[in-house]
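K.L.:
Could you have a look at this structure, given as structure tokens, before my questions?
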Amino acid sequence: MTASKAQKAANGAEPHPVSGGPVVQLPSEFGGLVAQAWIDLETGAEHLAVSSPIPPTDGQAPLVRLHSECLTGDVFGSYRCDCGEQLAYALEMIGEYGGTLLYLRGQEGRGIGLANKIKAYALQEAGLDTVEANEQLGLPVDARCYKAAAQILAEMGLTHIRLLSNNPDKQNRLARAGVAVVEMVPTEVPSREQNIRYLQTKKDRMDHRLVLGAGSATVSAGAVGLASTPFDHEQD
């Protein structure tokens, strides 16, 4: 049993079966990153860990982003959500300050799948919000599971992290799985006309830590212990 598996067992949770592949170079616009594919041996889902070789400074816990797959936002640049822009922002932060982004596949539409997400979009266009649309379809508001993600982080030695997220539910679920989130680092990007209702619903009904005001476009890096200058989330 590896040290990470022993720690998981000590926390009272059975290790979730995952298998990691080789670490390879991933040069990108966000810097010289490295990538490692992971397979959830229980579901067959394939995930990708993208990391910076830069070590955490001043003894701080590493930055980590759990990013749920969003084909429409991540690939096609949809403005209906903020997923693609959060992905780019998190990679920018990790490329600059070190850390890891775990790209979680099979979590489209908060776990309901691509086809159901498009059905939910149709209901939203008829007037429902993102929570109501899922409920109308008889689907969970959030069907994601983070057991594999927590085990991958443990296998990578990332058991104490600073989580790049606006969603406290991720913090709570990781804690139950044995990964301690010592700090939540916000990843809010500016809202758009096309997604403001969606973001307002996440804030009001899903407890996401969003500002959605004039100050939402800039996060003070000093407030999260990263740098003395602010990060501007500029949008094209």
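Naming works like this for the structure tokens: A, B, ... for the chains as they're shown, residue 1 at the start of each chain, ligands 1 onward in shown order.
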Hey, what's within 6 Å of stretch 154-171 of chain A if we count only C-alpha atoms and toss same-chain stuff fewer than 5 positions away? As a compact mmCIF listing (two decimals) with all heavy atoms, in the first residue's frame, please?

P.N.:
# COMPACT_ATOMS: atom_id res chain seq x y z
N SER A 4 -0.07 7.31 0.16
CA SER A 4 -1.35 8.00 -0.03
C SER A 4 -2.52 7.07 0.26
O SER A 4 -3.52 7.46 0.85
CB SER A 4 -1.45 8.56 -1.45
OG SER A 4 -1.31 7.52 -2.40
N ALA A 61 0.50 25.55 0.38
CA ALA A 61 -0.10 24.39 -0.28
C ALA A 61 -0.26 24.70 -1.77
O ALA A 61 -0.47 25.86 -2.15
CB ALA A 61 -1.46 24.07 0.34
N PRO A 62 -0.16 23.70 -2.63
CA PRO A 62 -0.23 23.94 -4.07
C PRO A 62 -1.64 24.34 -4.52
O PRO A 62 -2.64 23.93 -3.93
CB PRO A 62 0.18 22.61 -4.69
CG PRO A 62 -0.14 21.60 -3.63
CD PRO A 62 0.10 22.28 -2.32
N LEU A 63 -1.70 25.14 -5.58
CA LEU A 63 -2.97 25.46 -6.21
C LEU A 63 -3.48 24.23 -6.96
O LEU A 63 -2.72 23.54 -7.65
CB LEU A 63 -2.80 26.61 -7.20
CG LEU A 63 -2.50 28.00 -6.64
CD1 LEU A 63 -2.14 28.94 -7.78
CD2 LEU A 63 -3.70 28.53 -5.87
N VAL A 64 -4.78 23.96 -6.84
CA VAL A 64 -5.40 22.85 -7.56
C VAL A 64 -6.76 23.29 -8.08
O VAL A 64 -7.53 23.92 -7.35
CB VAL A 64 -5.57 21.61 -6.66
CG1 VAL A 64 -6.44 20.55 -7.34
CG2 VAL A 64 -4.22 21.00 -6.31
N ARG A 65 -7.02 22.98 -9.32
CA ARG A 65 -8.33 23.23 -9.92
C ARG A 65 -8.94 21.90 -10.35
O ARG A 65 -8.31 21.12 -11.06
CB ARG A 65 -8.18 24.14 -11.15
CG ARG A 65 -9.40 24.20 -12.07
CD ARG A 65 -10.49 25.06 -11.53
NE ARG A 65 -11.63 25.13 -12.46
CZ ARG A 65 -12.81 25.62 -12.14
NH1 ARG A 65 -13.02 26.10 -10.92
NH2 ARG A 65 -13.80 25.66 -13.01
N VAL A 179 -8.96 14.89 1.32
CA VAL A 179 -8.10 15.96 0.80
C VAL A 179 -8.46 17.25 1.53
O VAL A 179 -9.60 17.71 1.45
CB VAL A 179 -8.27 16.14 -0.72
CG1 VAL A 179 -7.43 17.30 -1.22
CG2 VAL A 179 -7.87 14.86 -1.45
N ALA A 180 -7.50 17.83 2.22
CA ALA A 180 -7.76 19.04 3.02
C ALA A 180 -7.59 20.28 2.14
O ALA A 180 -6.53 20.49 1.56
CB ALA A 180 -6.80 19.10 4.20
N VAL A 181 -8.66 21.07 2.06
CA VAL A 181 -8.60 22.34 1.34
C VAL A 181 -8.28 23.43 2.37
O VAL A 181 -9.14 23.79 3.18
CB VAL A 181 -9.93 22.64 0.62
CG1 VAL A 181 -9.88 24.01 -0.05
CG2 VAL A 181 -10.23 21.56 -0.41
N VAL A 182 -7.05 23.92 2.34
CA VAL A 182 -6.64 24.90 3.34
C VAL A 182 -7.05 26.31 2.95
O VAL A 182 -7.06 27.21 3.80
CB VAL A 182 -5.12 24.84 3.57
CG1 VAL A 182 -4.71 23.46 4.04
CG2 VAL A 182 -4.35 25.20 2.30
N GLU A 183 -7.41 26.51 1.69
CA GLU A 183 -7.84 27.84 1.23
C GLU A 183 -8.63 27.70 -0.05
O GLU A 183 -8.32 26.87 -0.91
CB GLU A 183 -6.63 28.74 0.99
CG GLU A 183 -6.98 30.17 0.61
CD GLU A 183 -5.75 31.03 0.35
OE1 GLU A 183 -4.61 30.50 0.46
OE2 GLU A 183 -5.92 32.20 0.02
N MET A 184 -9.69 28.50 -0.18
CA MET A 184 -10.44 28.61 -1.43
C MET A 184 -9.95 29.85 -2.17
O MET A 184 -10.01 30.96 -1.63
CB MET A 184 -11.93 28.72 -1.16
CG MET A 184 -12.57 27.46 -0.60
SD MET A 184 -12.95 26.23 -1.87
CE MET A 184 -14.36 27.00 -2.66
N VAL A 185 -9.44 29.66 -3.38
CA VAL A 185 -8.97 30.77 -4.20
C VAL A 185 -10.00 31.01 -5.30
O VAL A 185 -10.24 30.13 -6.12
CB VAL A 185 -7.59 30.45 -4.82
CG1 VAL A 185 -7.12 31.61 -5.69
CG2 VAL A 185 -6.57 30.15 -3.72
N PRO A 186 -10.65 32.17 -5.32
CA PRO A 186 -11.75 32.40 -6.28
C PRO A 186 -11.28 32.39 -7.72
O PRO A 186 -10.17 32.79 -8.04
CB PRO A 186 -12.29 33.78 -5.88
CG PRO A 186 -11.16 34.44 -5.16
CD PRO A 186 -10.41 33.34 -4.46
N THR A 187 -12.18 31.92 -8.60
CA THR A 187 -11.91 31.89 -10.03
C THR A 187 -13.01 32.62 -10.80
O THR A 187 -13.32 32.27 -11.94
CB THR A 187 -11.80 30.45 -10.55
OG1 THR A 187 -13.01 29.75 -10.26
CG2 THR A 187 -10.62 29.74 -9.92
N HIS A 208 -22.62 29.27 -4.62
CA HIS A 208 -21.31 29.60 -5.18
C HIS A 208 -20.89 30.99 -4.70
O HIS A 208 -21.72 31.90 -4.57
CB HIS A 208 -21.37 29.58 -6.72
CG HIS A 208 -21.36 28.20 -7.29
ND1 HIS A 208 -20.58 27.85 -8.36
CD2 HIS A 208 -22.03 27.07 -6.93
CE1 HIS A 208 -20.76 26.58 -8.65
NE2 HIS A 208 -21.65 26.08 -7.80
N ARG A 209 -19.61 31.14 -4.44
CA ARG A 209 -19.08 32.40 -3.92
C ARG A 209 -18.78 33.34 -5.08
O ARG A 209 -17.65 33.43 -5.56
CB ARG A 209 -17.83 32.13 -3.09
CG ARG A 209 -18.13 31.26 -1.86
CD ARG A 209 -16.87 30.82 -1.13
NE ARG A 209 -17.17 29.96 0.00
CZ ARG A 209 -16.27 29.33 0.74
NH1 ARG A 209 -14.97 29.48 0.45
NH2 ARG A 209 -16.63 28.57 1.74

K.L.:
For atom CA of A:Pro53 and atom CA of A:Gly21, quote the distance in Å rounded to one decimal.

P.N.:
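Separation between atom CA of A:Pro53 and atom CA of A:Gly21: 17.3 Å.
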
K.L.:
Restricting the calculation to only C-alpha atoms, which member of A:His47, A:Arg105, A:Arg110, A:His16 is positioned closest to A:Cys81?

P.N.:
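Distance minimum relative to A:Cys81 lands on A:Arg110.
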
K.L.:
Find the residues near A:Glu29: any atom within 12 Å, counting only C-alpha atoms, skip ones fewer than 5 places away on the same chain, and give them as a list in words.

P.N.:
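Listing them by chain and then by number gives Ala88, Tyr89, Leu91, Glu92, Ile94, Gly95 and Glu96 of chain A.
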
K.L.:
Save out the residues we just selected, N, CA and C atoms, as a PDB file, in the first residue's frame.

P.N.:
ATOM      1  N   ALA A  88      -9.381  28.673 -18.726  1.00  0.00           N
ATOM      2  CA  ALA A  88      -8.237  29.457 -19.179  1.00  0.00           C
ATOM      3  C   ALA A  88      -7.600  30.214 -18.014  1.00  0.00           C
ATOM      4  N   TYR A  89      -8.423  30.780 -17.148  1.00  0.00           N
ATOM      5  CA  TYR A  89      -7.898  31.537 -16.016  1.00  0.00           C
ATOM      6  C   TYR A  89      -7.119  30.636 -15.062  1.00  0.00           C
ATOM      7  N   LEU A  91      -5.622  27.784 -15.747  1.00  0.00           N
ATOM      8  CA  LEU A  91      -4.362  27.380 -16.380  1.00  0.00           C
ATOM      9  C   LEU A  91      -3.353  28.523 -16.364  1.00  0.00           C
ATOM     10  N   GLU A  92      -3.836  29.752 -16.521  1.00  0.00           N
ATOM     11  CA  GLU A  92      -2.947  30.911 -16.437  1.00  0.00           C
ATOM     12  C   GLU A  92      -2.330  31.015 -15.045  1.00  0.00           C
ATOM     13  N   ILE A  94      -1.978  28.559 -12.814  1.00  0.00           N
ATOM     14  CA  ILE A  94      -1.105  27.418 -12.573  1.00  0.00           C
ATOM     15  C   ILE A  94       0.199  27.566 -13.351  1.00  0.00           C
ATOM     16  N   GLY A  95       0.101  28.044 -14.586  1.00  0.00           N
ATOM     17  CA  GLY A  95       1.308  28.260 -15.360  1.00  0.00           C
ATOM     18  C   GLY A  95       2.222  29.294 -14.739  1.00  0.00           C
ATOM     19  N   GLU A  96       1.639  30.283 -14.072  1.00  0.00           N
ATOM     20  CA  GLU A  96       2.419  31.365 -13.481  1.00  0.00           C
ATOM     21  C   GLU A  96       2.927  31.029 -12.086  1.00  0.00           C
TER      22      GLU A  96
END

K.L.:
Residues within 12 Å of A:Ala115, please, as a PyMOL selection string. Count only C-alpha atoms; anything in the same chain fewer than 5 positions from it doesn't count.

P.N.:
chain A and resi 71-72+108-109+120-122+137

K.L.:
May I have all residues of stretch 38-216 of chain A that DSSP, computed from the backbone, assigns to alpha helix (DSSP H), given as number ranges by chain?

P.N.:
A: 83-97, 108-111, 114-125, 130-136, 147-155, 168-176, 196-206
